[in-house]
Every structure is written in structure tokens, then in C-alpha cells.
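Structure first, commentary second.
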Amino acid sequence: MMKVISLVNQKGGCGKTTTAVNLAYAFAKRGNRTLLIDLDPQAHATFSLGITPNLTTADLLEHVIENRPFNPKEFFVWRKDDLSLLPASIGLSALENTINRQNNKLEILTKMLMNIDAHFDYCIIDCPPNLGALTLNALVASSYSVVPLGICELSLRGVENLNSILSMLFEHRKKAPYILYLITQVDRRFRYSENFYNKVKEQFRDQLLSTAIRTNIHLREAAAFGKSVFEYRSDSRGAQDYKQLAQEIESITQRPSLVQLCLKGMGHNEVYVVGEFNEWRKHRNFQLKKVDDGTWSISLPLKRGTYRYKFIVDNEWINDPSNSLQENDAFGGKNSILFVR
Ligand SMILES: Nc1ncnc2c1ncn2[C@@H]1O[C@H](COP(=O)(O)OP(=O)(O)OP(=O)(O)O)[C@@H](O)[C@H]1O
Ligand SMILES: [Mg+2]
């Protein structure tokens, strides 16, 4: 199955496009069949790879909206073995209005990707710096979203808005991408970078990628020359960082499947999940997040198998009321049962 990863942050200039282009290139270098989709009307990813498009993302999505059959291969520009690009143009901004008029306006991109699932291992989507219909389509289609945080407080402000959008998506669809935060433009000579890092680590814990992208002029220059940093300066710090990032994300996406558990309930203060996957121990990594007033949720990466579990709601152990699969426990109560395939 193709793994879809979108680059999202409504804050401009935090490194979405630089990351999309170089991560896609690094994935392909590691032998993954990779598609980079430029979903930004500014078409920066397209320009950063020096491509003047003929057919674009907008043309392809138009086919999907009009239910016209298409041959995806006609739309892709092959960059090298294992890497192709679906380029953008300013035409995408007009298409955004068309998308907004559709009944299934959030699923247009998902529908397109279903047609090409067999052709690629990874699809990387570069989003525009807003939370409009294009970005929403990308969020709905993605299993993972990488949120680049340039070293600046404003990029954290973007994250708050993103989180409320994700809660809404989750409310309506019971599904949202797993978010990974990435620190970009790090300059360790400045104390501010370190303070920022500590603050972000505290806030995002395991969701913060351990690779950080350092400031590197070759990243900027490569884009100006229409090349990935690997083609421009393969020995640069930028190339090293993106190579390491690709390794890290690859191993995260190859982990066992993510299982989402939810609990409805107003007025709870703290909810944990305990079970056979964590030796029934209450641990902060297994604390559910409040996604809105009445819903608590957690994504667990679990290997195939069968697991018994319970929630701990403000110190009271309960079974999962939304799961009808349960069995008696040793204490006269019930355990919920989860099958992971
Ligand atoms: N690690 C880095 N070191 C040096 N320059 C960088 C780095 N990351 C990004 N840049 C430069 O910063 C600028 C903004 O980066 P980029 O275009 O990737 O951000 P973006 O989030 O895609 O912006 P937008 O929101 O406008 O799409 C670009 O000129 C890029 O070359
Ligand atoms: Mg960009």
C-alpha cells in the first residue's frame, strides 16, 4: 500500500517545500518508488526541481471531479528512477474554487490517489501555506503529516489552527493523519534555537522527529538551480540531514499499523489506555488526547496480534464502551479485545 505523507503548516516559509522535494528525492535514492505531488498554486516544488509543466495537478484533479477516465502516467514527470513529480501551476488556485463546490470536496485527492496506489511506495504532498480546500484534501488523503517548524514562535501558532482542523476532521470522519513535527532551519550557534528545541520537545514528545534540519545555504541554492540538494551538493549538511530524515520517517512508516482508540465522555480530566501492549502500566505515552469537548483519542502503533485492554478514566478502570468485543477479566470486570491485522 502506498504511504501518503503531506507537508503542512499554514505558516509560510517554514520549510514545507524544501522538505517535500528533498525528502522525496531521498526516499527514491533509498529505492522507494516515490511520487511528489505539488499541491501549491505557487508551484515552488515544481520550480525547485526546474520543471516547466505541461499537464499539472489541476488538470488531473479536474479529470477526477468530472469522472473522466485518465492514465496517471501521462501526468507524471519522471525525474529519475523511482521518482516522479506531479507538477503544479497557478491554475490550482482556480481549481480550489471548483473543489469547494463539490459534494465530496474533501475526497477529490483521495479518489485520485486510489487509482495510483499500486504504482508507488510513497507519495509526498507539498501543501500551500493555508488551511484551504487543497490542504484539507491532502490531510484527508494522508496517513502521516509532517509539520515543519522553522525556528519561530509563529510556526507554533500555525500548529494550533492545524490541530483544531484535525479535531474537526476527526469528528466527522473518525480518522486523521498521524502528525510528526520537524524542526527546520536550526542554527546551534544561537541560544534561541536550543530554547525553542526544548520547548517543542516538551510539547510534542514522541511526535517530534529526532532529526532536525540545520540551516544550510546549499538547500537554498539547490532550489534556485532547479535541483534537489542531492543533485547539487551531495556532501552538504542539507543532504546529510534529509538523508537521515528519510531513514527516520521510513522506519516510522514501516512500524506496525496505527490503531486509533477513542473514548466519548465529557468531564474527564485524564484518560489512559493500558493493556497487553504496555504490560498494563499507566504511562504518559499512553495518555489519550482530548480532541474536542467530548472525545478522547490516541493512535497506537501495534504489531499484528490480539490485545486485551482497558481505559483508566481518572483512576477508574473501565472497558471500552464502543467495542463490543470483550471478555471477563480476573476481577469480575471486562477487558476489551483488539484484533490488529
Ligand atoms: N534548512 C534550510 N536552510 C537554509 N535555507 C532554507 C532551509 N529550509 C528552507 N530554506 C529556504 O527558506 C525559504 C522558505 O523555505 P520553503 O520554501 O521550503 O518554505 P515553505 O514552507 O514551503 O514556504 P511556503 O509556505 O511559501 O510554501 C526558501 O528560500 C528555502 O530555500
Ligand atoms: Mg512551499
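Lettering and numbering for the C-alpha cells are positional, with chains as A, B, ... in the shown order, residues counted from 1 in each chain, and ligands counted from 1 in the shown order.
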For this session: Find the spatial neighbours of stretch 185-196 of chain A, counting only C-alpha atoms, within a cut-off of 9 Å - ignore same-chain residues fewer than 5 positions away - and output them as a PyMOL selection string.
Result: chain A and resi 14-15+149-153+201+212-216
Store the residues picked out above, limited to N, CA and C atoms, as a JSON list (two decimals), in the first residue's frame.
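Saved as result_20.json:
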```json
[["chain", "number", "residue", "atom", "x", "y", "z"],
["A", 14, "CYS", "N", 8.34, 27.98, 6.31],
["A", 14, "CYS", "CA", 8.92, 27.21, 7.40],
["A", 14, "CYS", "C", 9.64, 25.95, 6.91],
["A", 15, "GLY", "N", 9.64, 25.72, 5.61],
["A", 15, "GLY", "CA", 10.42, 24.59, 5.07],
["A", 15, "GLY", "C", 9.59, 23.45, 4.50],
["A", 149, "LEU", "N", 8.64, 23.07, 11.51],
["A", 149, "LEU", "CA", 8.61, 24.24, 12.40],
["A", 149, "LEU", "C", 9.92, 24.97, 12.21],
["A", 150, "GLY", "N", 9.92, 26.01, 11.39],
["A", 150, "GLY", "CA", 11.09, 26.86, 11.34],
["A", 150, "GLY", "C", 11.26, 27.39, 12.75],
["A", 151, "ILE", "N", 12.48, 27.78, 13.12],
["A", 151, "ILE", "CA", 12.68, 28.22, 14.50],
["A", 151, "ILE", "C", 11.94, 29.53, 14.70],
["A", 152, "CYS", "N", 10.66, 29.47, 14.96],
["A", 152, "CYS", "CA", 9.95, 30.71, 15.25],
["A", 152, "CYS", "C", 8.61, 30.43, 15.90],
["A", 153, "GLU", "N", 8.24, 31.30, 16.81],
["A", 153, "GLU", "CA", 7.02, 31.11, 17.59],
["A", 153, "GLU", "C", 5.80, 31.07, 16.68],
["A", 201, "LYS", "N", 10.08, 20.04, 22.23],
["A", 201, "LYS", "CA", 10.21, 18.65, 22.69],
["A", 201, "LYS", "C", 9.23, 18.38, 23.83],
["A", 212, "ALA", "N", 16.71, 16.91, 13.04],
["A", 212, "ALA", "CA", 16.37, 18.32, 12.83],
["A", 212, "ALA", "C", 17.16, 18.77, 11.60],
["A", 213, "ILE", "N", 16.58, 19.68, 10.84],
["A", 213, "ILE", "CA", 17.26, 20.15, 9.62],
["A", 213, "ILE", "C", 17.99, 21.45, 9.95],
["A", 214, "ARG", "N", 19.31, 21.42, 9.73],
["A", 214, "ARG", "CA", 20.10, 22.62, 10.04],
["A", 214, "ARG", "C", 19.98, 23.64, 8.90],
["A", 215, "THR", "N", 20.24, 24.88, 9.25],
["A", 215, "THR", "CA", 20.31, 25.91, 8.22],
["A", 215, "THR", "C", 21.49, 25.58, 7.31],
["A", 216, "ASN", "N", 21.22, 25.59, 6.02],
["A", 216, "ASN", "CA", 22.30, 25.25, 5.09],
["A", 216, "ASN", "C", 22.06, 25.98, 3.77]]
```
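By only C-alpha atoms, and with residues fewer than 6 positions from A:Val259 along its chain excluded, the set lying at most 10 Å from it is A:Ile298, A:Ser299, A:Leu300, A:Pro301, A:Leu302, A:Lys303, A:Leu338, A:Phe339, A:Val340.
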With all heavy atoms retained, could you export that selection as a PDB file, in the first residue's frame?
```pdb
ATOM      1  N   ILE A 298      -6.359   8.306  20.962  1.00  0.00           N
ATOM      2  CA  ILE A 298      -4.930   8.010  20.901  1.00  0.00           C
ATOM      3  C   ILE A 298      -4.683   7.106  19.700  1.00  0.00           C
ATOM      4  O   ILE A 298      -5.540   6.289  19.338  1.00  0.00           O
ATOM      5  CB  ILE A 298      -4.444   7.325  22.207  1.00  0.00           C
ATOM      6  CG1 ILE A 298      -2.919   7.214  22.213  1.00  0.00           C
ATOM      7  CG2 ILE A 298      -5.067   5.940  22.414  1.00  0.00           C
ATOM      8  CD1 ILE A 298      -2.329   6.815  23.563  1.00  0.00           C
ATOM      9  N   SER A 299      -3.522   7.285  19.041  1.00  0.00           N
ATOM     10  CA  SER A 299      -3.113   6.365  17.974  1.00  0.00           C
ATOM     11  C   SER A 299      -2.002   5.494  18.532  1.00  0.00           C
ATOM     12  O   SER A 299      -1.010   6.016  19.038  1.00  0.00           O
ATOM     13  CB  SER A 299      -2.544   7.125  16.788  1.00  0.00           C
ATOM     14  OG  SER A 299      -3.511   7.917  16.214  1.00  0.00           O
ATOM     15  N   LEU A 300      -2.152   4.193  18.413  1.00  0.00           N
ATOM     16  CA  LEU A 300      -1.132   3.280  18.928  1.00  0.00           C
ATOM     17  C   LEU A 300      -0.509   2.500  17.783  1.00  0.00           C
ATOM     18  O   LEU A 300      -1.232   1.892  16.992  1.00  0.00           O
ATOM     19  CB  LEU A 300      -1.768   2.263  19.881  1.00  0.00           C
ATOM     20  CG  LEU A 300      -2.399   2.763  21.160  1.00  0.00           C
ATOM     21  CD1 LEU A 300      -3.055   1.592  21.894  1.00  0.00           C
ATOM     22  CD2 LEU A 300      -1.349   3.404  22.048  1.00  0.00           C
ATOM     23  N   PRO A 301       0.807   2.505  17.675  1.00  0.00           N
ATOM     24  CA  PRO A 301       1.433   1.649  16.676  1.00  0.00           C
ATOM     25  C   PRO A 301       1.515   0.224  17.213  1.00  0.00           C
ATOM     26  O   PRO A 301       2.212  -0.024  18.189  1.00  0.00           O
ATOM     27  CB  PRO A 301       2.834   2.255  16.516  1.00  0.00           C
ATOM     28  CG  PRO A 301       3.041   3.135  17.690  1.00  0.00           C
ATOM     29  CD  PRO A 301       1.772   3.282  18.451  1.00  0.00           C
ATOM     30  N   LEU A 302       0.758  -0.690  16.628  1.00  0.00           N
ATOM     31  CA  LEU A 302       0.710  -2.060  17.155  1.00  0.00           C
ATOM     32  C   LEU A 302       1.022  -3.078  16.073  1.00  0.00           C
ATOM     33  O   LEU A 302       0.589  -2.938  14.929  1.00  0.00           O
ATOM     34  CB  LEU A 302      -0.684  -2.362  17.717  1.00  0.00           C
ATOM     35  CG  LEU A 302      -1.114  -1.587  18.958  1.00  0.00           C
ATOM     36  CD1 LEU A 302      -2.519  -2.005  19.371  1.00  0.00           C
ATOM     37  CD2 LEU A 302      -0.149  -1.803  20.110  1.00  0.00           C
ATOM     38  N   LYS A 303       1.765  -4.101  16.467  1.00  0.00           N
ATOM     39  CA  LYS A 303       2.019  -5.215  15.552  1.00  0.00           C
ATOM     40  C   LYS A 303       0.778  -6.087  15.458  1.00  0.00           C
ATOM     41  O   LYS A 303      -0.108  -6.019  16.304  1.00  0.00           O
ATOM     42  CB  LYS A 303       3.177  -6.057  16.080  1.00  0.00           C
ATOM     43  CG  LYS A 303       4.485  -5.349  15.995  1.00  0.00           C
ATOM     44  CD  LYS A 303       5.618  -6.323  16.217  1.00  0.00           C
ATOM     45  CE  LYS A 303       6.910  -5.552  16.174  1.00  0.00           C
ATOM     46  NZ  LYS A 303       7.905  -6.021  17.074  1.00  0.00           N
ATOM     47  N   LEU A 338      -8.859  -6.306  21.127  1.00  0.00           N
ATOM     48  CA  LEU A 338      -8.499  -5.628  19.886  1.00  0.00           C
ATOM     49  C   LEU A 338      -7.777  -6.617  18.983  1.00  0.00           C
ATOM     50  O   LEU A 338      -6.832  -7.274  19.423  1.00  0.00           O
ATOM     51  CB  LEU A 338      -7.551  -4.490  20.278  1.00  0.00           C
ATOM     52  CG  LEU A 338      -7.091  -3.505  19.254  1.00  0.00           C
ATOM     53  CD1 LEU A 338      -8.274  -2.700  18.749  1.00  0.00           C
ATOM     54  CD2 LEU A 338      -6.078  -2.554  19.912  1.00  0.00           C
ATOM     55  N   PHE A 339      -8.240  -6.739  17.734  1.00  0.00           N
ATOM     56  CA  PHE A 339      -7.500  -7.548  16.748  1.00  0.00           C
ATOM     57  C   PHE A 339      -6.751  -6.597  15.833  1.00  0.00           C
ATOM     58  O   PHE A 339      -7.350  -5.686  15.275  1.00  0.00           O
ATOM     59  CB  PHE A 339      -8.467  -8.360  15.875  1.00  0.00           C
ATOM     60  CG  PHE A 339      -9.157  -9.459  16.604  1.00  0.00           C
ATOM     61  CD1 PHE A 339     -10.521  -9.405  16.839  1.00  0.00           C
ATOM     62  CD2 PHE A 339      -8.435 -10.553  17.056  1.00  0.00           C
ATOM     63  CE1 PHE A 339     -11.161 -10.429  17.504  1.00  0.00           C
ATOM     64  CE2 PHE A 339      -9.075 -11.577  17.729  1.00  0.00           C
ATOM     65  CZ  PHE A 339     -10.436 -11.505  17.959  1.00  0.00           C
ATOM     66  N   VAL A 340      -5.477  -6.798  15.672  1.00  0.00           N
ATOM     67  CA  VAL A 340      -4.743  -5.993  14.700  1.00  0.00           C
ATOM     68  C   VAL A 340      -4.276  -6.913  13.593  1.00  0.00           C
ATOM     69  O   VAL A 340      -3.560  -7.881  13.850  1.00  0.00           O
ATOM     70  CB  VAL A 340      -3.537  -5.288  15.357  1.00  0.00           C
ATOM     71  CG1 VAL A 340      -2.804  -4.443  14.342  1.00  0.00           C
ATOM     72  CG2 VAL A 340      -3.985  -4.439  16.525  1.00  0.00           C
TER      73      VAL A 340
END
```
Exercise. Hey, which residues come within 9 Å of ligand 2 if we count only C-alpha atoms and all ligand atoms? Could you give them as number ranges by chain?
Worked result: A: 7, 12-18, 20, 40, 42-45, 126-129
Write out the residues from the selection above, keeping all heavy atoms, as a compact mmCIF listing (two decimals), in the first residue's frame.
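This went into out_20.txt:
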```txt
# COMPACT_ATOMS: atom_id res chain seq x y z
N LEU A 7 3.08 17.58 3.68
CA LEU A 7 3.84 18.61 4.38
C LEU A 7 2.90 19.77 4.61
O LEU A 7 2.40 20.37 3.66
CB LEU A 7 5.00 19.09 3.50
CG LEU A 7 6.32 18.34 3.58
CD1 LEU A 7 6.90 18.45 4.98
CD2 LEU A 7 6.18 16.89 3.19
N GLY A 12 3.89 30.45 6.36
CA GLY A 12 4.71 30.41 5.15
C GLY A 12 6.20 30.32 5.49
O GLY A 12 6.62 30.73 6.57
N GLY A 13 6.97 29.78 4.60
CA GLY A 13 8.42 29.83 4.69
C GLY A 13 9.05 28.99 5.78
O GLY A 13 10.19 29.23 6.17
N CYS A 14 8.34 27.98 6.31
CA CYS A 14 8.92 27.21 7.40
C CYS A 14 9.64 25.95 6.91
O CYS A 14 10.17 25.19 7.72
CB CYS A 14 7.85 26.86 8.43
SG CYS A 14 6.47 26.02 7.68
N GLY A 15 9.64 25.72 5.61
CA GLY A 15 10.42 24.59 5.07
C GLY A 15 9.59 23.45 4.50
O GLY A 15 10.11 22.36 4.31
N LYS A 16 8.32 23.70 4.19
CA LYS A 16 7.48 22.63 3.62
C LYS A 16 8.05 22.16 2.28
O LYS A 16 8.28 20.96 2.07
CB LYS A 16 6.03 23.14 3.38
CG LYS A 16 5.26 23.46 4.63
CD LYS A 16 3.85 23.92 4.33
CE LYS A 16 3.77 25.32 3.74
NZ LYS A 16 4.22 26.40 4.63
N THR A 17 8.26 23.11 1.38
CA THR A 17 8.66 22.73 0.03
C THR A 17 10.07 22.13 0.01
O THR A 17 10.31 21.09 -0.61
CB THR A 17 8.60 23.95 -0.90
OG1 THR A 17 7.26 24.46 -0.86
CG2 THR A 17 8.97 23.60 -2.33
N THR A 18 10.99 22.75 0.74
CA THR A 18 12.36 22.23 0.81
C THR A 18 12.34 20.79 1.32
O THR A 18 13.03 19.92 0.81
CB THR A 18 13.20 23.12 1.76
OG1 THR A 18 13.05 24.47 1.35
CG2 THR A 18 14.66 22.74 1.75
N ALA A 20 9.64 18.68 1.28
CA ALA A 20 8.92 17.79 0.35
C ALA A 20 9.86 17.34 -0.76
O ALA A 20 9.98 16.14 -1.04
CB ALA A 20 7.70 18.52 -0.23
N ASP A 40 0.54 23.12 -4.37
CA ASP A 40 0.57 24.53 -4.03
C ASP A 40 0.52 25.35 -5.32
O ASP A 40 1.38 25.18 -6.19
CB ASP A 40 1.87 24.82 -3.26
CG ASP A 40 1.97 26.26 -2.80
OD1 ASP A 40 1.07 27.06 -3.14
OD2 ASP A 40 2.96 26.59 -2.11
N GLN A 42 1.47 28.15 -5.86
CA GLN A 42 2.74 28.87 -6.05
C GLN A 42 3.75 28.02 -6.83
O GLN A 42 4.74 28.53 -7.33
CB GLN A 42 3.40 29.21 -4.71
CG GLN A 42 2.57 30.05 -3.76
CD GLN A 42 3.34 30.28 -2.45
OE1 GLN A 42 4.01 31.28 -2.28
NE2 GLN A 42 3.26 29.34 -1.52
N ALA A 43 3.51 26.72 -6.89
CA ALA A 43 4.33 25.77 -7.68
C ALA A 43 5.82 25.82 -7.32
O ALA A 43 6.67 25.61 -8.18
CB ALA A 43 4.13 26.00 -9.18
N HIS A 44 6.13 26.05 -6.06
CA HIS A 44 7.54 26.13 -5.67
C HIS A 44 8.27 24.81 -5.81
O HIS A 44 9.43 24.78 -6.21
CB HIS A 44 7.67 26.64 -4.23
CG HIS A 44 7.38 28.10 -4.10
ND1 HIS A 44 7.19 28.72 -2.89
CD2 HIS A 44 7.25 29.07 -5.04
CE1 HIS A 44 6.95 30.01 -3.09
NE2 HIS A 44 6.97 30.24 -4.38
N ALA A 45 7.61 23.70 -5.48
CA ALA A 45 8.28 22.40 -5.60
C ALA A 45 8.61 22.13 -7.07
O ALA A 45 9.69 21.63 -7.39
CB ALA A 45 7.40 21.29 -5.02
N ASP A 126 3.25 18.40 -1.19
CA ASP A 126 3.64 19.73 -0.73
C ASP A 126 2.40 20.63 -0.73
O ASP A 126 1.81 20.89 -1.78
CB ASP A 126 4.72 20.32 -1.66
CG ASP A 126 5.25 21.64 -1.12
OD1 ASP A 126 5.22 21.85 0.11
OD2 ASP A 126 5.70 22.47 -1.94
N CYS A 127 2.00 21.10 0.45
CA CYS A 127 0.77 21.90 0.57
C CYS A 127 1.06 23.39 0.57
O CYS A 127 2.15 23.83 0.93
CB CYS A 127 0.05 21.55 1.88
SG CYS A 127 -0.60 19.89 1.89
N PRO A 128 0.04 24.18 0.20
CA PRO A 128 0.19 25.64 0.28
C PRO A 128 0.15 26.12 1.73
O PRO A 128 -0.29 25.38 2.61
CB PRO A 128 -1.02 26.16 -0.50
CG PRO A 128 -2.02 25.06 -0.46
CD PRO A 128 -1.25 23.77 -0.34
N PRO A 129 0.59 27.36 1.98
CA PRO A 129 0.60 27.86 3.37
C PRO A 129 -0.77 28.38 3.81
O PRO A 129 -0.91 29.54 4.19
CB PRO A 129 1.63 28.99 3.31
CG PRO A 129 1.65 29.43 1.90
CD PRO A 129 1.25 28.28 1.05
```
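Excluding stretch 264-267 of chain A and any residue on its chain fewer than 5 positions from it, the residues at most 8 Å away by only C-alpha atoms are Asp293, Gly294, Thr295 and Trp296 of chain A.
When only C-alpha atoms and all ligand atoms are used to compute distances to ligand 1, the closest of the residues A:Gln260, A:Ser167, A:Ser236, A:Thr52 turns out to be A:Ser236.
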For this session: For stretch 97-103 of chain A, list every protein, DNA or RNA residue within 12 Å, evaluated using only C-alpha atoms, and leave out those in the same chain fewer than 3 positions away; present the list as a PyMOL selection string.
Result: chain A and resi 58+61-66+91-94+106-109+132-137
Could you write those residues out with C-alpha atoms, as a PDB file, in the first residue's frame?
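Below is the file that was written, out23.pdb:
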```pdb
ATOM      1  CA  ALA A  58      -5.013  20.829 -11.537  1.00  0.00           C
ATOM      2  CA  LEU A  61      -7.890  16.654 -10.351  1.00  0.00           C
ATOM      3  CA  GLU A  62     -10.246  18.117 -12.945  1.00  0.00           C
ATOM      4  CA  HIS A  63     -10.448  14.674 -14.561  1.00  0.00           C
ATOM      5  CA  VAL A  64     -11.317  13.203 -11.187  1.00  0.00           C
ATOM      6  CA  ILE A  65     -14.011  15.814 -10.496  1.00  0.00           C
ATOM      7  CA  GLU A  66     -15.581  15.267 -13.909  1.00  0.00           C
ATOM      8  CA  GLY A  91      -4.262  27.010 -12.273  1.00  0.00           C
ATOM      9  CA  LEU A  92      -4.603  25.157  -8.977  1.00  0.00           C
ATOM     10  CA  SER A  93      -5.985  28.233  -7.267  1.00  0.00           C
ATOM     11  CA  ALA A  94      -8.947  28.363  -9.679  1.00  0.00           C
ATOM     12  CA  LEU A 106     -12.639  16.718   0.810  1.00  0.00           C
ATOM     13  CA  GLU A 107     -12.137  13.456  -1.057  1.00  0.00           C
ATOM     14  CA  ILE A 108     -11.088  14.531  -4.550  1.00  0.00           C
ATOM     15  CA  LEU A 109      -7.386  13.903  -3.975  1.00  0.00           C
ATOM     16  CA  GLY A 132      -7.996  25.776   2.459  1.00  0.00           C
ATOM     17  CA  ALA A 133      -9.623  23.044   0.376  1.00  0.00           C
ATOM     18  CA  LEU A 134      -6.334  21.843  -1.139  1.00  0.00           C
ATOM     19  CA  THR A 135      -4.655  21.332   2.226  1.00  0.00           C
ATOM     20  CA  LEU A 136      -7.810  19.682   3.612  1.00  0.00           C
ATOM     21  CA  ASN A 137      -7.784  17.263   0.681  1.00  0.00           C
TER      22      ASN A 137
END
```
For this session: Quick one: everything within 7 Å of A:Leu209, counting only C-alpha atoms, minus sequence neighbours fewer than 3 positions away in the same chain. Send it as JSON, numbers by chain.
Result: {"A": [180, 181, 182]}
Write to file, as a PDB file, in the first residue's frame, the residues of the selection just made, with N, CA and C atoms.
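Contents of result01.pdb, as written:
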```pdb
ATOM      1  N   LEU A 180       3.698  14.365  12.618  1.00  0.00           N
ATOM      2  CA  LEU A 180       5.107  14.342  13.019  1.00  0.00           C
ATOM      3  C   LEU A 180       5.642  15.768  12.882  1.00  0.00           C
ATOM      4  N   TYR A 181       6.280  16.264  13.923  1.00  0.00           N
ATOM      5  CA  TYR A 181       6.807  17.628  13.880  1.00  0.00           C
ATOM      6  C   TYR A 181       8.297  17.596  13.547  1.00  0.00           C
ATOM      7  N   LEU A 182       8.704  18.535  12.720  1.00  0.00           N
ATOM      8  CA  LEU A 182      10.094  18.573  12.266  1.00  0.00           C
ATOM      9  C   LEU A 182      10.664  19.969  12.487  1.00  0.00           C
TER      10      LEU A 182
END
```
